[in-house]
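my_file.pdb follows; it contains PDB, C-alpha atoms.
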```
MODEL        1
ATOM      1  CA  MET A 122      11.203 -16.040  21.859
ATOM      2  CA  THR A 123      10.791 -17.924  18.590
ATOM      3  CA  TYR A 124       7.760 -16.752  16.654
ATOM      4  CA  ILE A 125       5.308 -19.518  15.746
ATOM      5  CA  PRO A 126       2.389 -18.230  13.619
ATOM      6  CA  ILE A 127      -1.075 -19.478  14.435
ATOM      7  CA  LYS A 128      -2.174 -22.413  12.284
ATOM      8  CA  GLU A 129      -5.547 -20.833  11.418
ATOM      9  CA  ARG A 130      -4.030 -17.676   9.932
ATOM     10  CA  TYR A 131      -5.411 -18.270   6.437
ATOM     11  CA  ASP A 132      -8.919 -19.326   7.439
ATOM     12  CA  ASN A 133     -10.588 -15.918   7.722
ATOM     13  CA  MET A 134      -8.705 -13.924   5.097
ATOM     14  CA  THR A 135     -10.038 -13.293   1.604
ATOM     15  CA  TYR A 136      -7.475 -13.520  -1.196
ATOM     16  CA  ARG A 137      -7.908 -11.931  -4.603
ATOM     17  CA  ARG A 138      -6.143 -12.625  -7.860
ATOM     18  CA  CYS A 139      -4.016  -9.706  -9.020
ATOM     19  CA  GLY A 140      -5.172  -8.752 -12.513
ATOM     20  CA  ASN A 141      -4.539 -11.491 -15.051
ATOM     21  CA  SER A 142      -1.664 -12.985 -13.061
ATOM     22  CA  GLY A 143      -1.524 -16.154 -11.032
ATOM     23  CA  VAL A 144      -0.634 -14.448  -7.763
ATOM     24  CA  LEU A 145      -3.144 -13.879  -4.968
ATOM     25  CA  PHE A 146      -3.106 -10.959  -2.541
ATOM     26  CA  PRO A 147      -4.799 -10.664   0.846
ATOM     27  CA  PHE A 148      -7.583  -8.109   0.628
ATOM     28  CA  ILE A 149      -5.759  -6.187   3.374
ATOM     29  CA  SER A 150      -2.002  -5.559   3.044
ATOM     30  CA  LEU A 151       0.330  -3.913   5.552
ATOM     31  CA  GLY A 152       2.387  -0.875   4.599
ATOM     32  CA  LEU A 153       5.568  -0.120   6.533
ATOM     33  CA  TRP A 154       5.339   3.591   5.793
ATOM     34  CA  HIS A 155       4.969   5.503   9.062
ATOM     35  CA  ASN A 156       5.787   3.146  11.889
ATOM     36  CA  PHE A 157       8.907   1.170  11.042
ATOM     37  CA  GLY A 158      11.617   3.807  11.328
ATOM     38  CA  ASN A 159      13.681   4.789  14.331
ATOM     39  CA  ILE A 160      10.753   6.560  16.027
ATOM     40  CA  THR A 161       8.908   3.283  16.686
ATOM     41  CA  PRO A 162      10.177   0.790  19.286
ATOM     42  CA  PHE A 163      11.341  -2.457  17.756
ATOM     43  CA  GLY A 164       8.950  -4.527  19.856
ATOM     44  CA  ILE A 165       5.952  -2.604  18.531
ATOM     45  CA  GLN A 166       7.130  -3.139  14.963
ATOM     46  CA  GLN A 167       7.450  -6.844  15.647
ATOM     47  CA  SER A 168       3.963  -7.053  17.158
ATOM     48  CA  LEU A 169       2.468  -5.290  14.124
ATOM     49  CA  LEU A 170       4.079  -7.700  11.667
ATOM     50  CA  ARG A 171       3.196 -10.775  13.735
ATOM     51  CA  THR A 172      -0.407  -9.663  14.223
ATOM     52  CA  ALA A 173      -0.746  -9.031  10.508
ATOM     53  CA  PHE A 174       0.552 -12.465   9.535
ATOM     54  CA  ASP A 175      -1.477 -14.224  12.234
ATOM     55  CA  ASN A 176      -4.554 -12.651  10.615
ATOM     56  CA  GLY A 177      -3.704 -13.801   7.098
ATOM     57  CA  ILE A 178      -1.925 -10.678   5.828
ATOM     58  CA  THR A 179       0.843 -12.013   3.611
ATOM     59  CA  HIS A 180       1.873  -8.796   1.846
ATOM     60  CA  PHE A 181       4.314  -6.332   3.433
ATOM     61  CA  ASP A 182       4.939  -3.156   1.414
ATOM     62  CA  LEU A 183       8.030  -0.956   1.738
ATOM     63  CA  ALA A 184       9.972   1.684  -0.207
ATOM     64  CA  ASN A 185      13.591   2.760  -0.250
ATOM     65  CA  ASN A 186      12.955   6.030   1.613
ATOM     66  CA  TYR A 187      10.507   4.794   4.250
ATOM     67  CA  GLY A 188      11.693   5.631   7.744
ATOM     68  CA  PRO A 189      12.516   7.988   9.262
ATOM     69  CA  PRO A 190      15.330   8.344   8.372
ATOM     70  CA  TYR A 191      15.403   7.216   4.750
ATOM     71  CA  GLY A 192      16.095   3.501   4.470
ATOM     72  CA  GLU A 193      15.436   2.766   8.128
ATOM     73  CA  ALA A 194      12.214   0.811   7.555
ATOM     74  CA  GLU A 195      14.069  -1.557   5.243
ATOM     75  CA  VAL A 196      16.975  -1.845   7.698
ATOM     76  CA  ASN A 197      14.551  -2.747  10.483
ATOM     77  CA  PHE A 198      12.661  -5.133   8.245
ATOM     78  CA  GLY A 199      15.956  -6.904   7.508
ATOM     79  CA  ILE A 200      16.344  -7.520  11.244
ATOM     80  CA  HIS A 201      12.753  -8.743  11.472
ATOM     81  CA  MET A 202      13.454 -10.950   8.452
ATOM     82  CA  ASP A 203      16.373 -12.616  10.232
ATOM     83  CA  ARG A 204      14.454 -13.078  13.478
ATOM     84  CA  ASP A 205      10.947 -14.020  12.369
ATOM     85  CA  TRP A 206      10.419 -14.250   8.650
ATOM     86  CA  HIS A 207      13.264 -16.138   6.973
ATOM     87  CA  THR A 208      11.484 -19.434   7.664
ATOM     88  CA  HIS A 209       8.245 -18.034   6.181
ATOM     89  CA  ARG A 210       9.723 -16.217   3.166
ATOM     90  CA  ASP A 211       7.772 -18.293   0.663
ATOM     91  CA  GLU A 212       4.489 -17.371   2.365
ATOM     92  CA  LEU A 213       5.091 -13.651   1.899
ATOM     93  CA  ILE A 214       4.740 -11.042  -0.829
ATOM     94  CA  ILE A 215       7.394  -8.392  -0.117
ATOM     95  CA  SER A 216       7.480  -5.238  -2.211
ATOM     96  CA  THR A 217       9.623  -2.137  -2.346
ATOM     97  CA  LYS A 218       9.855   0.964  -4.536
ATOM     98  CA  ALA A 219      12.123   3.700  -5.818
ATOM     99  CA  GLY A 220      11.292   7.023  -7.433
ATOM    100  CA  TYR A 221      11.463   9.687  -4.757
ATOM    101  CA  ASP A 222      14.556  11.344  -3.308
ATOM    102  CA  MET A 223      16.854   8.893  -1.576
ATOM    103  CA  TRP A 224      20.479  10.064  -1.665
ATOM    104  CA  ASP A 225      22.365  13.205  -2.636
ATOM    105  CA  GLY A 226      23.526  13.951  -6.142
ATOM    106  CA  PRO A 227      21.978  13.504  -9.574
ATOM    107  CA  TYR A 228      21.512   9.716  -9.366
ATOM    108  CA  GLY A 229      19.427   9.384  -6.194
ATOM    109  CA  ASP A 230      15.965  10.407  -7.392
ATOM    110  CA  HIS A 231      13.329  10.086 -10.135
ATOM    111  CA  GLY A 232      13.333   7.381 -12.829
ATOM    112  CA  SER A 233      16.644   6.751 -14.563
ATOM    113  CA  LYS A 234      17.876   3.210 -15.070
ATOM    114  CA  LYS A 235      20.932   4.181 -12.999
ATOM    115  CA  TYR A 236      18.809   5.171 -10.007
ATOM    116  CA  LEU A 237      16.240   2.385 -10.107
ATOM    117  CA  THR A 238      18.728  -0.474 -10.397
ATOM    118  CA  ALA A 239      21.108   0.958  -7.788
ATOM    119  CA  SER A 240      18.242   1.610  -5.394
ATOM    120  CA  LEU A 241      16.950  -1.941  -5.568
ATOM    121  CA  ASP A 242      20.435  -3.315  -4.950
ATOM    122  CA  GLN A 243      20.628  -1.172  -1.814
ATOM    123  CA  SER A 244      17.132  -2.225  -0.706
ATOM    124  CA  LEU A 245      17.957  -5.924  -1.018
ATOM    125  CA  LYS A 246      21.034  -5.450   1.158
ATOM    126  CA  ARG A 247      19.075  -3.550   3.795
ATOM    127  CA  MET A 248      16.307  -6.164   3.905
ATOM    128  CA  HIS A 249      18.661  -9.180   3.760
ATOM    129  CA  LEU A 250      16.831 -10.540   0.725
ATOM    130  CA  ASP A 251      17.952 -12.135  -2.534
ATOM    131  CA  TYR A 252      14.889 -10.789  -4.351
ATOM    132  CA  VAL A 253      11.633  -8.932  -3.789
ATOM    133  CA  ASP A 254       8.322 -10.168  -5.069
ATOM    134  CA  ILE A 255       7.352  -6.755  -6.476
ATOM    135  CA  PHE A 256       9.460  -3.744  -7.400
ATOM    136  CA  TYR A 257       7.652  -0.491  -8.231
ATOM    137  CA  HIS A 258       8.650   2.681  -9.966
ATOM    138  CA  HIS A 259       7.304   4.936  -7.233
ATOM    139  CA  ARG A 260       6.276   7.909  -9.386
ATOM    140  CA  PRO A 261       6.483   9.029 -13.016
ATOM    141  CA  ASP A 262       9.496  11.133 -13.938
ATOM    142  CA  PRO A 263       8.680  13.951 -16.383
ATOM    143  CA  ASP A 264      12.347  14.299 -17.358
ATOM    144  CA  THR A 265      13.137  10.636 -18.047
ATOM    145  CA  PRO A 266      11.522   8.824 -20.985
ATOM    146  CA  VAL A 267       9.075   6.222 -19.719
ATOM    147  CA  GLU A 268      10.856   3.782 -22.033
ATOM    148  CA  GLU A 269      14.001   4.073 -19.888
ATOM    149  CA  SER A 270      12.173   3.566 -16.591
ATOM    150  CA  MET A 271      10.323   0.550 -17.962
ATOM    151  CA  GLU A 272      13.554  -0.858 -19.439
ATOM    152  CA  ALA A 273      14.985  -0.732 -15.917
ATOM    153  CA  LEU A 274      11.989  -2.713 -14.641
ATOM    154  CA  GLU A 275      12.422  -5.224 -17.456
ATOM    155  CA  GLN A 276      16.076  -5.766 -16.636
ATOM    156  CA  ILE A 277      15.285  -6.078 -12.922
ATOM    157  CA  VAL A 278      12.848  -8.912 -13.627
ATOM    158  CA  ARG A 279      15.251 -10.651 -15.997
ATOM    159  CA  SER A 280      18.021 -10.373 -13.397
ATOM    160  CA  GLY A 281      15.882 -12.269 -10.866
ATOM    161  CA  LYS A 282      15.962  -9.409  -8.361
ATOM    162  CA  ALA A 283      12.161  -9.030  -8.580
ATOM    163  CA  LEU A 284       9.508 -11.524  -9.629
ATOM    164  CA  TYR A 285       7.009  -8.861 -10.695
ATOM    165  CA  VAL A 286       7.031  -5.139 -11.360
ATOM    166  CA  GLY A 287       4.516  -2.349 -11.034
ATOM    167  CA  ILE A 288       4.062   1.399 -10.965
ATOM    168  CA  SER A 289       2.795   3.792  -8.320
ATOM    169  CA  ASN A 290       1.368   7.314  -8.492
ATOM    170  CA  TYR A 291       1.016   7.171 -12.270
ATOM    171  CA  ASP A 292      -2.255   8.983 -11.761
ATOM    172  CA  GLU A 293      -3.144   9.917 -15.324
ATOM    173  CA  PRO A 294      -4.709   7.092 -17.376
ATOM    174  CA  GLU A 295      -2.501   7.997 -20.346
ATOM    175  CA  GLN A 296       0.668   7.679 -18.217
ATOM    176  CA  THR A 297      -0.380   4.255 -17.046
ATOM    177  CA  GLN A 298      -1.403   3.084 -20.517
ATOM    178  CA  LYS A 299       1.978   4.114 -21.933
ATOM    179  CA  ALA A 300       3.947   2.350 -19.207
ATOM    180  CA  ILE A 301       1.919  -0.842 -19.649
ATOM    181  CA  GLU A 302       2.432  -0.815 -23.406
ATOM    182  CA  VAL A 303       6.184  -0.248 -23.147
ATOM    183  CA  LEU A 304       6.616  -3.117 -20.706
ATOM    184  CA  LYS A 305       4.395  -5.348 -22.808
ATOM    185  CA  SER A 306       6.515  -4.643 -25.885
ATOM    186  CA  LYS A 307       9.506  -5.969 -23.924
ATOM    187  CA  GLY A 308       7.691  -9.182 -23.011
ATOM    188  CA  ILE A 309       7.176  -8.247 -19.362
ATOM    189  CA  PRO A 310       3.625  -7.903 -18.035
ATOM    190  CA  MET A 311       2.866  -5.188 -15.509
ATOM    191  CA  LEU A 312       1.479  -6.857 -12.416
ATOM    192  CA  ILE A 313       0.036  -4.001 -10.397
ATOM    193  CA  HIS A 314      -0.603  -0.291 -10.013
ATOM    194  CA  GLN A 315      -0.464   1.277  -6.553
ATOM    195  CA  THR A 316      -2.604   4.393  -6.320
ATOM    196  CA  ASN A 317      -4.080   6.719  -3.722
ATOM    197  CA  TYR A 318      -7.739   5.689  -3.581
ATOM    198  CA  SER A 319     -10.433   6.342  -0.998
ATOM    199  CA  MET A 320     -13.918   7.764  -0.586
ATOM    200  CA  PHE A 321     -12.334  11.231  -0.555
ATOM    201  CA  ASN A 322     -10.090  10.439  -3.529
ATOM    202  CA  PRO A 323     -12.058   8.294  -6.026
ATOM    203  CA  ARG A 324      -9.270   8.317  -8.619
ATOM    204  CA  LEU A 325     -10.166   4.998 -10.243
ATOM    205  CA  GLU A 326     -13.513   6.408 -11.346
ATOM    206  CA  HIS A 327     -11.773   8.946 -13.604
ATOM    207  CA  GLY A 328     -10.422   6.631 -16.296
ATOM    208  CA  LEU A 329      -7.566   4.920 -14.473
ATOM    209  CA  GLY A 330      -9.693   1.974 -13.405
ATOM    210  CA  GLU A 331     -10.850   1.390 -16.958
ATOM    211  CA  VAL A 332      -7.249   1.176 -18.203
ATOM    212  CA  LEU A 333      -6.296  -1.305 -15.486
ATOM    213  CA  HIS A 334      -9.368  -3.438 -16.146
ATOM    214  CA  ASP A 335      -8.838  -3.518 -19.899
ATOM    215  CA  GLU A 336      -5.133  -4.366 -19.553
ATOM    216  CA  GLY A 337      -5.572  -6.994 -16.822
ATOM    217  CA  VAL A 338      -3.411  -5.092 -14.336
ATOM    218  CA  GLY A 339      -4.146  -5.379 -10.630
ATOM    219  CA  CYS A 340      -4.617  -2.413  -8.313
ATOM    220  CA  ILE A 341      -3.657  -1.859  -4.703
ATOM    221  CA  ALA A 342      -5.100   1.188  -2.950
ATOM    222  CA  PHE A 343      -2.890   3.134  -0.575
ATOM    223  CA  ALA A 344      -4.295   5.621   1.978
ATOM    224  CA  PRO A 345      -7.766   3.996   1.815
ATOM    225  CA  LEU A 346      -8.542   5.652   5.166
ATOM    226  CA  GLN A 347      -7.220   9.018   3.944
ATOM    227  CA  ASN A 348      -4.428   8.926   6.531
ATOM    228  CA  GLY A 349      -6.904   8.463   9.375
ATOM    229  CA  LEU A 350      -9.503  11.004   8.304
ATOM    230  CA  LEU A 351     -11.916   8.220   7.319
ATOM    231  CA  THR A 352     -12.092   6.933  10.875
ATOM    232  CA  ASP A 353     -13.899   8.277  13.930
ATOM    233  CA  LYS A 354     -10.655   9.798  15.242
ATOM    234  CA  TYR A 355     -11.343  13.395  14.159
ATOM    235  CA  ILE A 356     -15.104  13.670  14.556
ATOM    236  CA  HIS A 357     -14.862  15.471  17.895
ATOM    237  CA  GLY A 358     -11.678  17.444  17.254
ATOM    238  CA  ILE A 359      -8.013  16.726  16.659
ATOM    239  CA  PRO A 360      -6.517  14.433  19.320
ATOM    240  CA  GLY A 361      -3.140  15.448  20.692
ATOM    241  CA  ASN A 362      -1.604  12.073  19.799
ATOM    242  CA  SER A 363      -2.766  12.077  16.179
ATOM    243  CA  HIS A 364      -0.678  12.144  12.999
ATOM    244  CA  ALA A 365      -2.210  15.523  12.188
ATOM    245  CA  VAL A 366      -0.411  16.935  15.242
ATOM    246  CA  ASN A 367       2.709  14.793  15.584
ATOM    247  CA  ASP A 368       3.476  13.944  11.943
ATOM    248  CA  PRO A 369       1.570  16.336   9.653
ATOM    249  CA  ARG A 370       3.438  15.338   6.477
ATOM    250  CA  TYR A 371       0.442  13.480   5.106
ATOM    251  CA  LEU A 372      -2.530  14.841   7.049
ATOM    252  CA  LYS A 373      -2.344  18.437   8.198
ATOM    253  CA  PRO A 374      -4.700  20.074  10.720
ATOM    254  CA  GLY A 375      -5.853  22.342   7.877
ATOM    255  CA  ASP A 376      -7.054  19.277   5.943
ATOM    256  CA  ILE A 377      -9.591  18.511   8.672
ATOM    257  CA  THR A 378     -12.193  21.056   7.602
ATOM    258  CA  PRO A 379     -15.692  21.386   9.107
ATOM    259  CA  GLU A 380     -17.105  20.269   5.742
ATOM    260  CA  LYS A 381     -15.081  17.055   5.772
ATOM    261  CA  VAL A 382     -15.810  16.399   9.438
ATOM    262  CA  GLY A 383     -19.527  16.756   8.671
ATOM    263  CA  LYS A 384     -19.249  14.149   5.922
ATOM    264  CA  VAL A 385     -17.212  11.857   8.148
ATOM    265  CA  SER A 386     -19.886  12.106  10.867
ATOM    266  CA  LYS A 387     -22.636  11.072   8.443
ATOM    267  CA  LEU A 388     -20.495   8.249   7.061
ATOM    268  CA  ASN A 389     -19.853   7.105  10.626
ATOM    269  CA  GLU A 390     -23.608   6.952  11.241
ATOM    270  CA  LEU A 391     -24.072   4.731   8.199
ATOM    271  CA  ALA A 392     -21.210   2.494   9.311
ATOM    272  CA  SER A 393     -22.858   2.113  12.717
ATOM    273  CA  GLU A 394     -26.084   1.045  11.017
ATOM    274  CA  ARG A 395     -24.063  -1.671   9.264
ATOM    275  CA  GLY A 396     -22.533  -2.801  12.549
ATOM    276  CA  GLN A 397     -19.097  -1.563  11.485
ATOM    277  CA  THR A 398     -16.578   1.059  12.373
ATOM    278  CA  LEU A 399     -16.101   3.821   9.834
ATOM    279  CA  ALA A 400     -12.628   2.491   9.029
ATOM    280  CA  GLN A 401     -14.116  -0.904   8.183
ATOM    281  CA  MET A 402     -16.775   0.630   5.941
ATOM    282  CA  ALA A 403     -14.197   2.804   4.180
ATOM    283  CA  LEU A 404     -12.189  -0.325   3.407
ATOM    284  CA  ALA A 405     -15.301  -2.184   2.270
ATOM    285  CA  TRP A 406     -16.026   0.718  -0.104
ATOM    286  CA  VAL A 407     -12.523   0.557  -1.602
ATOM    287  CA  LEU A 408     -12.809  -3.223  -1.971
ATOM    288  CA  ARG A 409     -16.344  -3.240  -3.385
ATOM    289  CA  ASP A 410     -14.964  -3.873  -6.896
ATOM    290  CA  ASP A 411     -12.666  -6.832  -7.600
ATOM    291  CA  LEU A 412     -10.514  -4.474  -9.668
ATOM    292  CA  VAL A 413      -8.950  -3.452  -6.336
ATOM    293  CA  THR A 414      -6.841  -6.449  -5.438
ATOM    294  CA  SER A 415      -5.940  -5.205  -1.963
ATOM    295  CA  ALA A 416      -6.213  -2.219   0.362
ATOM    296  CA  LEU A 417      -2.915  -1.088   1.865
ATOM    297  CA  ILE A 418      -3.202  -0.015   5.487
ATOM    298  CA  GLY A 419      -0.795   1.450   7.996
ATOM    299  CA  ALA A 420      -1.029   0.774  11.705
ATOM    300  CA  SER A 421       0.517   1.955  14.933
ATOM    301  CA  ARG A 422      -1.238  -0.614  17.138
ATOM    302  CA  PRO A 423      -2.009  -4.318  16.572
ATOM    303  CA  GLU A 424      -5.669  -3.639  17.420
ATOM    304  CA  GLN A 425      -5.981  -1.465  14.318
ATOM    305  CA  ILE A 426      -4.883  -4.361  12.129
ATOM    306  CA  VAL A 427      -7.428  -6.699  13.697
ATOM    307  CA  GLU A 428     -10.168  -4.083  13.219
ATOM    308  CA  ASN A 429      -9.289  -3.521   9.567
ATOM    309  CA  VAL A 430      -9.157  -7.226   8.768
ATOM    310  CA  GLY A 431     -12.812  -7.368   9.871
ATOM    311  CA  ALA A 432     -13.852  -4.960   7.118
ATOM    312  CA  LEU A 433     -15.796  -7.531   5.103
ATOM    313  CA  GLU A 434     -17.485  -9.319   8.010
ATOM    314  CA  ALA A 435     -20.613  -7.169   7.684
ATOM    315  CA  GLY A 436     -21.041  -8.272   4.061
ATOM    316  CA  PRO A 437     -20.679  -6.238   0.874
ATOM    317  CA  LEU A 438     -22.148  -2.771   0.602
ATOM    318  CA  SER A 439     -25.605  -2.808  -0.935
ATOM    319  CA  GLU A 440     -26.480  -0.682  -3.940
ATOM    320  CA  GLY A 441     -28.569   1.526  -1.681
ATOM    321  CA  GLU A 442     -25.698   2.010   0.765
ATOM    322  CA  ILE A 443     -23.323   2.926  -2.058
ATOM    323  CA  ILE A 444     -25.825   5.527  -3.270
ATOM    324  CA  ARG A 445     -26.116   6.957   0.252
ATOM    325  CA  ILE A 446     -22.313   7.206   0.484
ATOM    326  CA  GLU A 447     -22.193   9.016  -2.870
ATOM    327  CA  GLU A 448     -24.855  11.460  -1.702
ATOM    328  CA  ILE A 449     -22.938  12.196   1.507
ATOM    329  CA  LEU A 450     -19.697  12.767  -0.370
ATOM    330  CA  LYS A 451     -21.326  15.109  -2.919
ATOM    331  CA  LYS A 452     -22.930  17.411  -0.354
TER     332      LYS A 452
ENDMDL
END
```
Using the file provided, produce a representation of the structure as structure tokens.
Amino acid sequence: MTYIPIKERYDNMTYRRCGNSGVLFPFISLGLWHNFGNITPFGIQQSLLRTAFDNGITHFDLANNYGPPYGEAEVNFGIHMDRDWHTHRDELIISTKAGYDMWDGPYGDHGSKKYLTASLDQSLKRMHLDYVDIFYHHRPDPDTPVEESMEALEQIVRSGKALYVGISNYDEPEQTQKAIEVLKSKGIPMLIHQTNYSMFNPRLEHGLGEVLHDEGVGCIAFAPLQNGLLTDKYIHGIPGNSHAVNDPRYLKPGDITPEKVGKVSKLNELASERGQTLAQMALAWVLRDDLVTSALIGASRPEQIVENVGALEAGPLSEGEIIRIEEILKK
């Protein structure tokens, strides 16, 4: 059946300008990290993408090695592109990344110009695209000069294979500052930094946010729900169908400590007082500062997307609520 998006899809979404650029992002973006490989039925993937777009989510985020297996999320997205999205390409921000292991041998990992340019060429073929809107270096490479990695990003922009470029997992402020300066010296602005940021991982408060603010670079937060820990899923134990049991790569049972569960329970009480779910409040916390352009969520069910899009319906967190959250997290 031909997909026809709902006409009102933009009415209830908030869009934020990304740093000093002209491009706007939805405050919630969809990551195709866990649920777009060969372990997820194609129909479920399609329903997730359609639900996201029908609710104003215009940014789909991928990487070369998303799956499983590596590359499969991009292969599947290419099929979705042909079926649903080719007529809406100009309404979408599509991003991909390279920096982690992808293929065997010395040229399939890290940050060399050889790897980054070859990887993007492969990604474009898998996704059936002429260009991506954003291409990221997925992580810093201690063995490759940052000048080389940033030169690859420069050439990618000048080739027309990406409109914008960014970095991800450059967690130290000095790393980020250096990368921004190198790109700037080549006449290419850095659009965005993708970093792990949540109530349990307040990385932006430790100098990184200041660099991004001063340089006019946008920020997108991945794992804002700490891979499901900042929801009510684990308050009463570990469900048998959870990622912690079935896919413990990113959230292991040992990460769900009594101390963290106690904090999650108290945060859940505060969210209830606000008329929200804990997931919604966790997203509202991440988005409380305009420095964070968007929060990047994953989803296994369309209902999760709808819930997360409602994160700002209860209004912004008050100063008193932010203080209460800080007190809970410090205990």
- Once you count only C-alpha atoms, which residues end up no further than 7 Å from (-6.9, -10.9, 12.2) in the file's frame, shown as a VMD selection string? chain A and resid 172 to 173 175 to 177 426 to 427 430
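Residues in contact range of Leu304 (chain A), defined as at most 9 Å between only C-alpha atoms, with sequence neighbours fewer than 6 positions away removed, read A:Glu268, A:Met271, A:Glu272, A:Leu274, A:Glu275, A:Pro310, A:Met311.
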- Distance query 10 Å from (-6.3, -7.1, -18.0) using only C-alpha atoms, result as a count of residues only: 17
- Message: So that I can check the surroundings of Glu434 (chain A), please list as number ranges by chain every protein, DNA and RNA residue that reaches within 10 Å of it, counting all atoms listed in the file and ignoring chain neighbours fewer than 5 positions away.
- Response: A: 133, 396-397, 401, 405
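Using all atoms listed in the file, the nearest neighbour of Ile178 (chain A) within the list A:Leu408, A:Ile215, A:Leu350, A:Leu438 is A:Ile215.
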